[in-house]
Every structure is written in structure tokens, then in C-alpha cells.
Amino acid sequence: MEPPDTRSRILGATMPVFAARGYAGSTTRALADAAGVNVATLAWHFGGKRGLYEAVLDRMYEELLALEIPKDLPQDPEERVRLLVRLVWGFMRERRDNVRLLKRHVLDRDRLPEAVRDKWTAALLARAQELTAALGIRGDIRMALLDMNHLIARYAISDADDLVLFVEGDPIDAIGAHLEERAVQLLLADAPGPV
């Protein structure tokens, strides 16, 4: 009998394969090899490559939705925005393969995975409303949040060596500071004011 964490271990080991090769380029053999299991074990746990791919996506969104918004946010709206951007920037940098996987899927298929749209969009929009409330901004800032999501995601998958020519000092810190500035501009410039 396999240890109870086999499923979790498989998900963690196969994420980088899907991120690097995409769904079509990831063979069942390569996925099994990355996880240190046989193909039958993948099939037993996930029903096949499609089930494994969807489980990887589910895990990614579960982690994203579990990201805690701090309870004690600064009173100053600008500082609130900066704090939340730092939180999301760190989260996405730590999960570069997750971000890369989703971007690869969109590039390969011109759209989000159906499983994501059908299962996660409503929860993500609800989370965006929580974030808007945490920022203390009235009005609909969903597009501004989407803009920031795309900026952060693009920078998150960048290699630090590719960014060093554009910034002074540590590229990860410099990009983080740049993202904070952009977020303040996007989210607070035209905001009607605090709730």
C-alpha cells in the first residue's frame, strides 16, 4: 500500500513538467517518471493525464484562494495597496511553475482551461470583491485588479537575470517596488474614495 501523501507528491512533481511542456507535450511516461511512480499509479489516482492536469489546476487555485488577507491592514490606502501587492508578488514568485502552467495553457489554446472557468471563476471574482473591500475602495475595480494580476504574473515567470538590465539593485526587489507603484496608480488614481 502506498503512503497517503502519494497523490500530493504526484501533484507537486508533475506541476513543473506541465509548466515546462504544456499539456500536449507532457507524456504520461514523463509525468510518471517525474513523480517516481508508474503509469498505472497515475491512472489509479487521477484516471489519466487529463484528470492529473485538472487536479494540478485545482491545487493551484485552492492555494490561491487560501491566500490570507491580513486582518490588521494599515489605515493609509496606499500602504494597504503596497502591502497586498507585496503579498501577492511573493506568493506568485514562489509558485512560478503554477503561473507558467496557466500562461502556457492560454497561449497553447487561446483561453483559460474550461475546468478553471467553470469551477473557479465565481470563487475568484468573490475573492476579488474581498480584496476590494480590504483595500477600502468603492466601485468596480475588477479590471484594474485584472491588469495587476497580468503584470504580476508576467514578472513572476521572468528569470531574475532577464530583469537585471532594466533595474538598479536586486531585480526581484526592484520589480516588487515597481509593481507596488503601478498598483497605487491603477487602484487609487480614479477610486471614488474610501468606503
# chains A, B, ... in the order shown; residues from 1 in each chain; ligands from 1
>>> select_by_dssp(residues="region 23-171 of chain A", states="helix (DSSP H, G or I)", output="number ranges by chain")
A: 23-25, 28-35, 39-46, 49-66, 77-94, 96-109, 114-135, 142-156, 160-166, 171
>>> residues_around(residues="region 142-153 of chain A", least_positions_apart="2", cutoff="7 Å", atoms="only C-alpha atoms", output="list in words")
Trp89, Met92, Val99, Ala128, Asp140, Tyr155, Ala156, Ile157, Ala183, Leu186 and Leu187 of chain A
>>> write_last_selection(atoms="C-alpha atoms", output="mmCIF file, in the first residue's frame")
data_model
loop_
_atom_site.group_PDB
_atom_site.id
_atom_site.type_symbol
_atom_site.label_atom_id
_atom_site.label_comp_id
_atom_site.auth_asym_id
_atom_site.auth_seq_id
_atom_site.Cartn_x
_atom_site.Cartn_y
_atom_site.Cartn_z
ATOM 1 C CA TRP A 89 4.071 39.202 -5.601
ATOM 2 C CA MET A 92 3.348 34.241 -7.269
ATOM 3 C CA VAL A 99 1.796 30.778 -13.166
ATOM 4 C CA ALA A 128 -11.610 39.984 -5.862
ATOM 5 C CA ASP A 140 -15.773 48.319 -9.575
ATOM 6 C CA TYR A 155 7.036 39.382 -13.980
ATOM 7 C CA ALA A 156 6.679 36.320 -11.737
ATOM 8 C CA ILE A 157 7.683 33.943 -14.528
ATOM 9 C CA ALA A 183 -0.898 49.201 -8.229
ATOM 10 C CA LEU A 186 -4.133 51.763 -11.089
ATOM 11 C CA LEU A 187 -6.174 51.138 -7.988
#
>>> residues_around(residues="region 50-61 of chain A", least_positions_apart="4", cutoff="7 Å", atoms="only C-alpha atoms", output="number ranges by chain")
A: 11, 15, 46, 65, 98, 115
>>> closest_residue(among="A:Asp159, A:Leu101, A:Leu31, A:Leu107", to="Arg9 (chain A)", atoms="only C-alpha atoms")
A:Leu31
